[in-house]
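Q: Got a structure for you, upload.txt, holding compact mmCIF, C-alpha atoms and all ligand atoms.
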# COMPACT_ATOMS: atom_id res chain seq x y z
CA MET M 1 87.24 78.13 113.25
CA SER M 2 88.20 80.89 115.70
CA ASP M 3 86.02 83.88 116.55
CA ILE M 4 88.98 86.16 116.01
CA PHE M 5 86.87 89.06 114.69
CA ALA M 6 84.69 89.07 117.80
CA LYS M 7 87.76 89.28 120.03
CA ASN M 8 89.93 91.60 117.95
CA SER M 9 87.94 94.74 117.16
CA ALA M 10 90.97 96.48 115.60
CA LEU M 11 91.33 93.65 113.07
CA LYS M 12 87.61 93.66 112.32
CA ALA M 13 87.61 97.40 111.64
CA LEU M 14 90.63 97.12 109.36
CA LEU M 15 89.12 94.26 107.43
CA ASP M 16 85.77 96.03 107.07
CA ALA M 17 87.58 99.03 105.61
CA HIS M 18 89.94 97.19 103.26
CA LEU M 19 88.44 93.81 102.42
CA ASP M 20 87.04 94.65 98.99
CA LYS M 21 90.29 96.25 97.82
CA LEU M 22 92.37 93.39 99.18
CA ALA M 23 90.10 90.84 97.50
CA SER M 24 90.45 92.63 94.20
CA GLU M 25 94.24 92.95 94.49
CA GLU M 26 94.70 89.31 95.44
CA GLY M 27 92.11 87.86 93.07
CA LEU M 28 90.38 86.15 95.99
CA SER M 29 86.81 86.32 97.23
CA PRO M 30 86.14 88.34 100.41
CA GLU M 31 84.73 85.16 101.95
CA ALA M 32 87.92 83.19 101.25
CA ILE M 33 90.04 85.89 102.90
CA THR M 34 87.79 86.17 105.95
CA GLU M 35 87.72 82.40 106.37
CA ALA M 36 91.51 82.06 106.06
CA ILE M 37 92.11 84.78 108.67
CA ALA M 38 89.64 83.10 111.03
CA LYS M 39 91.44 79.78 110.52
CA GLY M 40 94.80 81.43 111.14
CA THR M 41 96.24 80.46 107.75
CA MET M 42 96.30 84.08 106.59
CA VAL M 43 97.05 87.30 108.47
CA LEU M 44 96.29 90.94 107.80
CA LEU M 45 99.36 93.04 108.58
CA ALA M 46 98.33 96.48 109.80
CA ASN M 47 98.35 98.37 113.07
CA PRO M 48 95.66 101.09 113.11
CA SER M 49 98.20 103.40 114.77
CA HIS M 50 100.46 103.22 111.69
CA LYS M 51 99.07 106.22 109.84
CA ASN M 52 98.47 105.60 106.12
CA VAL M 53 99.47 101.95 106.40
CA LYS M 54 98.47 99.92 103.37
CA PRO M 55 97.33 96.61 104.88
CA ILE M 56 98.56 93.45 103.22
CA LEU M 57 97.63 89.81 103.47
CA VAL M 58 100.20 87.12 104.17
CA GLY M 59 99.30 83.49 103.61
CA GLN M 60 98.75 81.42 100.49
CA PRO M 61 96.73 81.63 98.27
CA SER M 62 97.36 85.36 98.62
CA ARG M 63 100.45 86.52 96.71
CA ILE M 64 103.80 85.53 98.22
CA LYS M 65 105.15 88.58 100.02
CA VAL M 66 108.73 89.81 100.40
CA ASN M 67 110.31 91.56 103.37
CA ALA M 68 113.47 93.68 103.42
CA ASN M 69 115.49 94.00 106.63
CA ILE M 70 117.18 97.34 107.18
CA GLY M 71 118.52 99.16 110.24
CA THR M 72 121.63 100.46 111.93
CA SER M 73 124.44 98.50 113.56
CA PRO M 74 127.02 99.66 116.13
CA LEU M 75 129.75 99.66 113.44
CA CYS M 76 127.62 101.35 110.80
CA SER M 77 124.99 103.73 112.12
CA ASN M 78 123.51 106.47 109.97
CA HIS M 79 119.87 107.47 110.43
CA GLU M 80 119.46 109.07 106.98
CA ASN M 81 121.05 106.11 105.18
CA GLU M 82 118.46 103.79 106.70
CA MET M 83 115.65 106.09 105.53
CA GLU M 84 117.07 105.99 102.01
CA LYS M 85 117.35 102.20 102.19
CA LEU M 86 113.69 102.11 103.20
CA ASP M 87 112.81 104.06 100.03
CA VAL M 88 114.98 101.76 97.89
CA ALA M 89 113.36 98.65 99.37
CA VAL M 90 109.83 99.92 98.74
CA GLU M 91 110.70 101.12 95.21
CA ALA M 92 112.17 97.69 94.44
CA GLY M 93 108.88 96.08 95.44
CA ALA M 94 109.31 94.98 99.05
CA ASP M 95 105.89 94.37 100.60
CA THR M 96 107.12 95.00 104.13
CA VAL M 97 110.21 96.32 105.85
CA MET M 98 111.70 95.30 109.17
CA ASP M 99 113.67 97.83 111.17
CA LEU M 100 116.42 95.79 112.82
CA SER M 101 118.32 98.83 114.14
CA ILE M 102 120.60 98.19 117.09
CA ALA M 103 122.48 101.51 117.23
CA GLY M 104 121.58 105.19 117.50
CA ASP M 105 118.24 106.58 118.64
CA LEU M 106 116.06 103.54 118.01
CA ASP M 107 112.79 105.31 118.86
CA ALA M 108 113.54 108.12 116.41
CA ILE M 109 114.50 105.72 113.63
CA ARG M 110 111.36 103.62 114.14
CA VAL M 111 109.01 106.60 114.33
CA ASP M 112 110.55 108.10 111.18
CA MET M 113 110.24 104.83 109.30
CA LEU M 114 106.58 104.51 110.30
CA ALA M 115 105.89 108.05 109.13
CA ARG M 116 107.84 107.66 105.90
CA SER M 117 106.36 104.49 104.55
CA SER M 118 102.94 102.95 104.14
CA VAL M 119 104.22 99.37 103.90
CA PRO M 120 103.77 97.42 107.14
CA LEU M 121 106.78 97.76 109.43
CA GLY M 122 108.16 94.96 111.59
CA THR M 123 110.59 95.09 114.50
CA VAL M 124 112.33 92.89 117.06
CA PRO M 125 111.56 94.63 120.39
CA MET M 126 114.27 92.61 122.14
CA TYR M 127 116.86 94.71 120.29
CA ALA M 128 115.72 97.96 121.90
CA VAL M 129 115.65 96.28 125.32
CA GLY M 130 119.12 94.83 124.72
CA GLN M 131 120.49 98.21 123.62
CA LYS M 132 119.23 99.89 126.81
CA ILE M 133 120.72 97.18 129.00
CA ILE M 134 124.08 96.92 127.23
CA ASP M 135 124.49 100.72 126.91
CA ALA M 136 123.85 101.02 130.66
CA GLY M 137 126.67 98.56 131.32
CA ARG M 138 124.29 95.97 132.68
CA GLU M 139 124.22 92.23 132.07
CA ILE M 140 121.45 90.83 129.83
CA SER M 141 120.57 88.53 132.73
CA SER M 142 119.43 91.59 134.70
CA MET M 143 116.54 92.24 132.29
CA SER M 144 113.13 92.22 133.91
CA ALA M 145 109.97 90.95 132.25
CA ASP M 146 108.50 94.43 132.69
CA GLU M 147 111.28 95.98 130.60
CA LEU M 148 110.50 93.61 127.76
CA PHE M 149 106.73 94.04 127.80
CA GLU M 150 106.93 97.80 128.23
CA GLU M 151 109.05 97.96 125.07
CA VAL M 152 106.57 95.77 123.18
CA GLU M 153 103.73 98.08 124.24
CA ARG M 154 105.69 101.24 123.36
CA GLN M 155 106.30 99.95 119.84
CA ALA M 156 102.68 98.79 119.44
CA VAL M 157 101.46 102.29 120.37
CA GLN M 158 103.92 103.79 117.88
CA GLY M 159 102.27 101.74 115.12
CA VAL M 160 104.56 98.75 114.51
CA ASP M 161 102.55 96.27 112.44
CA PHE M 162 104.33 93.00 113.26
CA MET M 163 106.92 92.00 115.81
CA THR M 164 109.38 89.16 116.00
CA LEU M 165 109.12 87.70 119.48
CA HIS M 166 110.95 84.50 120.38
CA CYS M 167 108.07 83.03 122.37
CA GLY M 168 108.83 79.42 121.49
CA LEU M 169 112.39 79.45 122.74
CA SER M 170 112.08 77.53 126.00
CA TYR M 171 114.65 76.97 128.73
CA ARG M 172 114.98 73.39 127.50
CA GLY M 173 115.42 74.61 123.93
CA ALA M 174 118.07 77.12 125.01
CA GLN M 175 120.01 74.29 126.64
CA MET M 176 119.73 72.19 123.49
CA GLY M 177 120.69 75.06 121.20
CA ALA M 178 123.77 75.88 123.22
CA GLU M 179 125.05 72.29 123.08
CA LYS M 180 128.36 71.76 121.32
CA THR M 181 126.72 69.25 118.98
CA ARG M 182 125.38 72.16 116.90
CA ALA M 183 127.75 73.45 114.24
CA MET M 184 126.59 77.02 114.71
CA GLY M 185 124.88 77.09 118.11
CA ILE M 186 122.32 79.92 118.30
CA VAL M 187 122.53 82.48 115.46
CA SER M 188 119.45 84.58 116.20
CA ARG M 189 120.39 87.91 117.83
CA GLY M 190 117.20 88.17 119.88
CA GLY M 191 117.23 84.44 120.53
CA SER M 192 120.79 84.46 121.82
CA MET M 193 120.02 87.26 124.28
CA LEU M 194 116.95 85.45 125.60
CA ALA M 195 118.82 82.13 125.75
CA ARG M 196 121.60 83.73 127.79
CA TRP M 197 119.01 85.31 130.11
CA MET M 198 117.41 81.89 130.68
CA LEU M 199 120.63 79.93 131.08
CA GLU M 200 122.18 82.42 133.51
CA ASN M 201 119.00 82.91 135.56
CA LYS M 202 117.92 79.26 135.27
CA LYS M 203 114.42 80.51 134.51
CA GLU M 204 111.85 80.02 131.77
CA ASN M 205 111.48 82.54 128.92
CA PRO M 206 109.35 85.48 130.17
CA LEU M 207 107.58 85.50 126.80
CA ILE M 208 106.34 81.99 127.62
CA ASP M 209 105.59 82.62 131.30
CA HIS M 210 103.71 85.83 130.51
CA PHE M 211 102.36 85.02 127.04
CA ASP M 212 98.91 86.30 128.06
CA ARG M 213 100.39 89.74 128.68
CA LEU M 214 101.72 89.73 125.13
CA ILE M 215 98.34 88.69 123.79
CA GLU M 216 96.64 91.63 125.52
CA ILE M 217 98.97 94.14 123.84
CA ALA M 218 98.92 92.50 120.41
CA ARG M 219 95.13 92.27 120.33
CA LYS M 220 94.61 95.91 121.27
CA TRP M 221 96.79 97.18 118.40
CA ASN M 222 96.34 94.29 115.98
CA VAL M 223 100.05 93.64 116.12
CA THR M 224 100.73 90.37 114.31
CA LEU M 225 103.05 88.19 116.36
CA SER M 226 105.84 86.87 114.19
CA LEU M 227 106.74 83.96 116.41
CA GLY M 228 110.51 83.96 116.13
CA ASP M 229 112.84 81.10 115.38
CA GLY M 230 115.53 81.66 117.95
CA LEU M 231 116.87 78.17 117.32
CA ARG M 232 116.79 78.26 113.54
CA PRO M 233 119.66 76.37 111.96
CA GLY M 234 122.60 78.67 111.29
CA ALA M 235 124.29 75.98 109.20
CA GLY M 236 122.87 73.41 106.82
CA VAL M 237 124.02 70.54 109.01
CA ASP M 238 122.00 71.88 111.96
CA ALA M 239 118.72 71.87 110.00
CA GLY M 240 116.01 69.69 111.48
CA ASP M 241 117.80 68.97 114.76
CA ALA M 242 115.99 68.49 118.05
CA ALA M 243 116.58 72.07 119.21
CA GLN M 244 114.95 73.53 116.11
CA MET M 245 112.00 71.17 116.27
CA GLU M 246 111.45 71.63 120.01
CA GLU M 247 110.93 75.33 119.32
CA VAL M 248 108.71 74.70 116.28
CA ILE M 249 106.40 72.49 118.39
CA ASN M 250 106.14 75.27 120.98
CA LEU M 251 105.40 77.82 118.25
CA GLY M 252 102.49 75.73 116.97
CA GLN M 253 100.98 75.52 120.45
CA LEU M 254 101.39 79.25 121.04
CA GLN M 255 99.91 80.13 117.65
CA ARG M 256 96.80 78.10 118.48
CA ARG M 257 96.52 79.79 121.87
CA ALA M 258 96.95 83.28 120.40
CA LEU M 259 94.40 82.67 117.64
CA ALA M 260 91.83 81.52 120.19
CA GLU M 261 92.38 84.82 121.99
CA GLY M 262 91.97 86.94 118.86
CA VAL M 263 95.64 87.50 117.95
CA GLN M 264 97.16 86.87 114.54
CA CYS M 265 100.44 84.96 114.26
CA MET M 266 103.02 84.13 111.65
CA ILE M 267 105.70 81.51 112.19
CA GLU M 268 109.32 82.28 111.43
CA GLY M 269 111.32 79.53 109.80
CA PRO M 270 114.79 78.58 108.76
CA GLY M 271 117.56 79.59 108.17
CA HIS M 272 120.06 77.31 106.51
CA VAL M 273 118.62 74.16 104.91
CA ALA M 274 120.17 71.99 102.19
CA LEU M 275 118.15 71.87 98.98
CA ASN M 276 117.16 68.22 99.41
CA LEU M 277 115.65 69.01 102.82
CA VAL M 278 113.79 72.23 102.04
CA LYS M 279 110.47 70.66 101.11
CA THR M 280 110.29 68.25 104.03
CA GLN M 281 111.37 71.01 106.46
CA ILE M 282 108.70 73.39 105.22
CA GLN M 283 105.95 70.77 105.10
CA GLY M 284 106.87 69.60 108.60
CA ILE M 285 106.88 73.10 110.05
CA LYS M 286 103.56 73.96 108.40
CA THR M 287 102.00 70.82 109.88
CA LEU M 288 103.38 71.47 113.37
CA THR M 289 102.20 75.09 113.27
CA ASN M 290 98.64 74.52 112.08
CA GLY M 291 99.13 75.96 108.60
CA ALA M 292 99.90 79.44 109.96
CA PRO M 293 101.67 81.77 107.53
CA LEU M 294 105.33 80.79 107.34
CA TYR M 295 107.95 83.51 107.08
CA VAL M 296 111.40 82.24 106.15
CA LEU M 297 114.86 83.77 106.05
CA GLY M 298 116.06 82.26 102.80
CA PRO M 299 116.41 79.42 103.47
CA LEU M 300 120.02 79.38 102.38
CA THR M 301 120.68 76.17 100.52
CA VAL M 302 124.46 76.35 100.96
CA ASP M 303 126.69 78.01 103.55
CA ALA M 304 129.82 78.75 101.51
CA THR M 305 128.45 81.69 99.50
CA PRO M 306 129.33 84.95 101.29
CA GLY M 307 128.80 87.74 98.81
CA TYR M 308 126.11 85.71 97.01
CA ASP M 309 123.82 84.66 99.84
CA HIS M 310 120.88 86.40 98.17
CA ILE M 311 121.18 83.78 95.41
CA SER M 312 121.65 80.87 97.80
CA GLY M 313 118.59 82.09 99.71
CA ALA M 314 116.47 82.66 96.61
CA ILE M 315 117.03 79.06 95.50
CA GLY M 316 115.71 77.83 98.85
CA GLY M 317 112.95 80.42 98.88
CA ALA M 318 111.60 79.40 95.49
CA LEU M 319 111.46 75.73 96.47
CA GLY M 320 110.05 76.69 99.85
CA VAL M 321 107.14 78.52 98.23
CA THR M 322 106.17 75.34 96.36
CA ALA M 323 106.04 73.55 99.73
CA GLY M 324 103.93 76.18 101.50
CA VAL M 325 106.12 79.17 102.41
CA ASP M 326 104.05 82.36 102.43
CA PHE M 327 106.49 85.17 103.14
CA LEU M 328 110.15 85.53 102.12
CA CYS M 329 112.59 87.60 104.14
CA TYR M 330 115.30 88.74 101.80
CA LEU M 331 118.99 88.10 102.04
CA THR M 332 121.43 90.51 100.44
CA PRO M 333 124.93 90.12 99.00
CA ALA M 334 126.10 91.64 102.31
CA GLU M 335 124.69 88.79 104.45
CA HIS M 336 127.23 87.37 106.90
CA LEU M 337 129.71 90.12 105.88
CA THR M 338 128.54 93.67 106.58
CA LEU M 339 125.52 95.95 106.77
CA PRO M 340 123.79 96.11 103.37
CA ASP M 341 124.04 99.33 101.36
CA LYS M 342 121.37 100.60 98.97
CA GLU M 343 122.57 98.44 96.07
CA ASP M 344 122.51 95.39 98.34
CA VAL M 345 118.96 96.22 99.40
CA LYS M 346 117.82 96.42 95.76
CA ALA M 347 119.63 93.16 94.88
CA GLY M 348 118.13 91.41 97.90
CA VAL M 349 114.56 92.50 97.21
CA MET M 350 114.85 91.48 93.56
CA ALA M 351 116.32 88.06 94.43
CA SER M 352 113.44 87.35 96.81
CA ARG M 353 110.84 88.63 94.34
CA ILE M 354 112.30 86.30 91.72
CA ALA M 355 112.11 83.43 94.22
CA ALA M 356 108.49 84.30 95.01
CA HIS M 357 107.60 84.46 91.33
CA ALA M 358 109.46 81.23 90.52
CA GLY M 359 107.59 79.49 93.32
CA GLU M 360 104.25 80.86 92.12
CA VAL M 361 104.96 79.80 88.53
CA ALA M 362 105.61 76.28 89.80
CA LEU M 363 102.38 76.42 91.79
CA GLY M 364 100.57 77.66 88.69
CA THR M 365 98.95 80.70 90.27
CA PRO M 366 96.92 82.74 87.75
CA ARG M 367 98.90 85.97 88.38
CA ALA M 368 102.27 84.28 87.84
CA LYS M 369 101.06 82.47 84.71
CA ALA M 370 99.66 85.72 83.31
CA ARG M 371 102.99 87.53 83.78
CA GLU M 372 104.91 84.72 82.09
CA ALA M 373 102.43 84.67 79.20
CA ALA M 374 102.72 88.44 78.77
CA MET M 375 106.51 88.20 78.62
CA ASN M 376 106.43 85.38 76.09
CA LYS M 377 103.98 87.25 73.87
CA ALA M 378 106.07 90.43 73.98
CA ARG M 379 109.31 88.53 73.31
CA ARG M 380 107.87 86.79 70.28
CA ALA M 381 106.74 90.17 68.89
CA LEU M 382 110.05 91.89 69.76
CA ASP M 383 107.82 94.26 71.73
CA TRP M 384 110.28 95.89 74.13
CA GLU M 385 107.64 98.00 75.87
CA GLY M 386 105.60 94.85 76.47
CA MET M 387 108.65 93.07 77.86
CA LYS M 388 109.26 96.00 80.17
CA GLN M 389 105.68 95.89 81.45
CA ALA M 390 105.90 92.14 82.11
CA ALA M 391 109.32 92.33 83.78
CA LEU M 392 109.73 92.11 87.57
CA ASP M 393 112.13 95.06 87.30
CA PRO M 394 111.03 97.27 84.37
CA ALA M 395 113.78 99.83 85.04
CA MET M 396 116.39 97.15 84.43
CA VAL M 397 115.03 96.57 80.92
CA ASP M 398 115.61 100.24 80.07
CA LYS M 399 119.00 100.29 81.77
CA ARG M 400 120.35 97.31 79.82
CA ARG M 401 118.80 98.42 76.52
CA ILE M 402 119.94 102.01 76.67
CA GLN M 403 122.80 101.74 74.17
CA HIS M 404 120.69 100.03 71.52
CA HIS M 405 117.21 101.16 72.46
CA ASN M 406 116.39 102.26 68.90
CA GLU M 407 117.10 98.81 67.50
CA GLU M 408 114.29 96.36 66.83
CA VAL M 409 116.50 93.55 68.11
CA CYS M 410 118.93 93.52 71.01
CA ALA M 411 122.72 93.54 71.09
CA MET M 412 122.93 89.88 72.03
CA CYS M 413 122.60 88.63 68.43
CA GLY M 414 121.98 91.76 66.34
CA LYS M 415 121.14 90.80 62.74
CA PHE M 416 121.31 87.13 63.72
CA CYS M 417 118.24 87.61 65.93
CA ALA M 418 116.47 84.25 65.95
CA VAL M 419 113.10 85.81 66.77
CA LYS M 420 113.32 88.24 63.84
CA MET M 421 114.57 85.47 61.58
CA LEU M 422 111.35 83.53 62.03
CA LYS M 423 109.10 86.57 62.37
CA GLU M 424 110.04 87.67 58.86
CA ALA M 425 110.16 84.22 57.30
CA LYS M 426 108.11 83.88 54.09
CA ILE M 427 106.49 80.62 55.06
CA VAL M 428 104.17 79.27 52.37
S1 LIG D 501 118.79 89.50 69.35
FE1 LIG D 501 118.97 87.45 70.22
S2 LIG D 501 118.65 87.74 72.42
FE2 LIG D 501 117.98 89.63 71.42
S3 LIG D 501 115.81 89.37 71.07
FE3 LIG D 501 116.78 88.59 69.21
S4 LIG D 501 117.09 86.38 69.60
FE4 LIG D 501 116.62 87.34 71.57
So that I can check it, write out the structure of this file as structure tokens.
Ligand code: SF4

A:
Amino acid sequence: MSDIFAKNSALKALLDAHLDKLASEEGLSPEAITEAIAKGTMVLLANPSHKNVKPILVGQPSRIKVNANIGTSPLCSNHENEMEKLDVAVEAGADTVMDLSIAGDLDAIRVDMLARSSVPLGTVPMYAVGQKIIDAGREISSMSADELFEEVERQAVQGVDFMTLHCGLSYRGAQMGAEKTRAMGIVSRGGSMLARWMLENKKENPLIDHFDRLIEIARKWNVTLSLGDGLRPGAGVDAGDAAQMEEVINLGQLQRRALAEGVQCMIEGPGHVALNLVKTQIQGIKTLTNGAPLYVLGPLTVDATPGYDHISGAIGGALGVTAGVDFLCYLTPAEHLTLPDKEDVKAGVMASRIAAHAGEVALGTPRAKAREAAMNKARRALDWEGMKQAALDPAMVDKRRIQHHNEEVCAMCGKFCAVKMLKEAKIV
């Protein structure tokens, strides 16, 4: 077991302050949480510089967490809209939010999001570096390692709680990912920029060459490294190829190195994976990355679902949870098409929360079983308030019942209500 608490004083102070509350919320003993963090199978997301942050735990057996990605794009950039989307995501039950902004004043957006919300905030620092370089008319290949690490440090000081950094994307992996044998090449935005930098400069990834510099920053601010999957499959047929696995092996080695130096890591996962391969993918990645918390985007189980990718992703997410996934990054109906609006954000969060709950029901976790039991009891009693309390989205119960809210039964069957039929039966 690592001596992470001796090396990371920020983490120790956070855990000392919040352990009892976290244990109570998660239904776990303080000792189990402390041991899992020391082993690297659970992380505490919180940067002490993020004022009013509510720390959360990621890593089974803690509750499966859900992340919502928001942020501007060059074709759709409105600071206030993103703040409203942040509110919608949190109201819908997102445990964390990632600011993936790539247009406008990125510092102002990030600082406002940190001030506005107490859920842990994640970022991809490579985006801010890329924006500076591209807006200045420079080539990505001209980026210096200093520019990248200075941005990481700036965001850590601002209070960012976790950062996606594509540390496992090696020069060799970039070559493999760019090969024509891949249906979709490299689909990660940050990964594609770093891959181009490596291929054009014929140099190794600065995040690999200077990983110790990253560790220094992350440890000081308890920034959890979300070790990015720059070579994640962008199509089902690319899942499990050599490029993806080369990166996963590197991620496992880097996670071990970071943990030994007092830094928490999550591993980012696929991507697009056919349903029959989800379990083996997840189990393989968990093994290669030492059981570190696994944070997946979907995975999408089919590719031909634009407009419905939140459903395709939730199917993969639910199965993934049963195989060891700890953290679900949502997909919205806008995925692969446009920037999500507020309705998309709500739909995406709910789809991922359903996936998380479905996975937990299959795993038989006490909290998931209790929610299911409460719903069944309320349904049998035609107790609409009870159903609302047990529902993942209580507001939806009211919204759909509004027209007939005074009725004992619902408008699906009316006086043919099967539940009422038996409830009122004079059984002798
Ligand atoms: S009316 Fe039909 S759908 Fe509605 S509660 Fe009764 S049995 Fe269920």

Q: Nearest residue to ligand LIG 501 (chain D) out of M:Lys415, M:Arg172, M:Lys21, M:Lys423, using only C-alpha atoms and all ligand atoms?

A: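 With only C-alpha atoms and all ligand atoms as the atom set, the closest residue is M:Lys415.
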
Q: So, with all atoms listed in the file as the atoms that count, which of M:His272, M:Lys180, M:Arg154, M:His404 lies closest to Ala218 of chain M?

A: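 Result for the nearest residue to Ala218 of chain M: M:Arg154.
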
Q: Counting all atoms listed in the file, name the residues that have an atom within 9 Å of an atom of ligand LIG 501 (chain D); the answer should be given as a PyMOL selection string.

A: chain M and resi 379-380+382+408-421

Q: Measuring between only C-alpha atoms, which one of M:Ser118, M:Ser24, M:Thr365, M:Thr338 shows the shortest distance to Pro48 of chain M?

A: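 Looking only at the distances to Pro48 of chain M, the closest residue turns out to be M:Ser118.
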
Q: Would you kindly return, as a ChimeraX atom specification, each protein, DNA or RNA residue with an atom no farther than 12 Å from any atom of Gln158 of chain M, considering only C-alpha atoms and excluding same-chain residues fewer than 5 positions away?

A: /M:47-51,107-115,121-123,151-153,221,223

Q: Pick from M:Glu179, M:Glu261, M:Glu82, M:Asp238: nearest to Ala38 of chain M, with all atoms listed in the file counted?

A: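 Using all atoms listed in the file, the shortest distance to Ala38 of chain M belongs to M:Glu261.
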
Q: Do you know which residues are at most 12 Å from Gly386 of chain M counting all atoms listed in the file, after dropping those on the same chain fewer than 3 positions away, and could you put them as JSON, numbers by chain?

A: {"M": [371, 372, 373, 374, 375, 376, 377, 378, 379, 380, 381, 382, 383, 389, 390, 391, 394, 397, 398]}

Q: May I have the residues within 12 Å of Asp146 of chain M as a PyMOL selection string, using all atoms listed in the file and disregarding those fewer than 2 positions away in the same chain?

A: chain M and resi 129+142-144+148-154+206-207+210+213-214

Q: Quote the spacing between atom CA of Cys76 of chain M and atom CA of Leu100 of chain M in Å to one decimal place.

A: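 These atoms are spaced 12.7 Å apart.
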
Q: Do a neighbour search on Thr287 of chain M at 12 Å with all atoms listed in the file, toss out local chain neighbours closer than 2 positions, and write the hits as a list in words.

A: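 Counting only the stated atoms, we get Thr41, Met245, Val248, Ile249, Leu251, Gly252, Gln253, Ile267, Thr280, Gln281, Ile282, Gln283, Gly284, Ile285, Thr289, Asn290, Gly291, Ala292, Pro293, Leu294, Ala323, Gly324 and Val325 of chain M.
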
Q: Using all atoms listed in the file, which protein or nucleic acid residues come within 7 Å of Asp326 of chain M? Drop anything in the same chain fewer than 4 positions from it, and give the result as a compact mmCIF listing (two decimals) with C-alpha atoms, in the frame of the given file.

A:
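Output file result.txt follows:
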# COMPACT_ATOMS: atom_id res chain seq x y z
CA VAL M 58 100.20 87.12 104.17
CA GLY M 59 99.30 83.49 103.61
CA GLN M 60 98.75 81.42 100.49
CA ILE M 64 103.80 85.53 98.22
CA LYS M 65 105.15 88.58 100.02
CA PRO M 293 101.67 81.77 107.53
CA LEU M 294 105.33 80.79 107.34
CA TYR M 295 107.95 83.51 107.08
CA VAL M 321 107.14 78.52 98.23

Q: Go through M:Val345, M:Ala318, M:Ala239, M:Ala128 and flag the residue nearest Glu147 of chain M, using all atoms listed in the file for the distances.

A: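 Result for the nearest residue to Glu147 of chain M: M:Ala128.
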
Q: With all atoms listed in the file as the basis for distance, which of M:Ser101, M:Thr332, M:Ser62, M:Thr34 is at the shortest distance from Leu75 of chain M?

A: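 Of M:Ser101, M:Thr332, M:Ser62, M:Thr34, the one nearest Leu75 of chain M, counting all atoms listed in the file, is M:Ser101.
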
Q: Please identify all polymer residues lying at most 9 Å from the point (122.2, 84.1, 95.4) (file coordinates), using all atoms listed in the file, and present the result as a PyMOL selection string.

A: chain M and resi 300+305+307-315+331-333+348+351

Q: Residues as selected, C-alpha atoms, written as a compact mmCIF listing (two decimals), in the frame of the given file, can you do that?

A:
# COMPACT_ATOMS: atom_id res chain seq x y z
CA LEU M 300 120.02 79.38 102.38
CA THR M 305 128.45 81.69 99.50
CA GLY M 307 128.80 87.74 98.81
CA TYR M 308 126.11 85.71 97.01
CA ASP M 309 123.82 84.66 99.84
CA HIS M 310 120.88 86.40 98.17
CA ILE M 311 121.18 83.78 95.41
CA SER M 312 121.65 80.87 97.80
CA GLY M 313 118.59 82.09 99.71
CA ALA M 314 116.47 82.66 96.61
CA ILE M 315 117.03 79.06 95.50
CA LEU M 331 118.99 88.10 102.04
CA THR M 332 121.43 90.51 100.44
CA PRO M 333 124.93 90.12 99.00
CA GLY M 348 118.13 91.41 97.90
CA ALA M 351 116.32 88.06 94.43
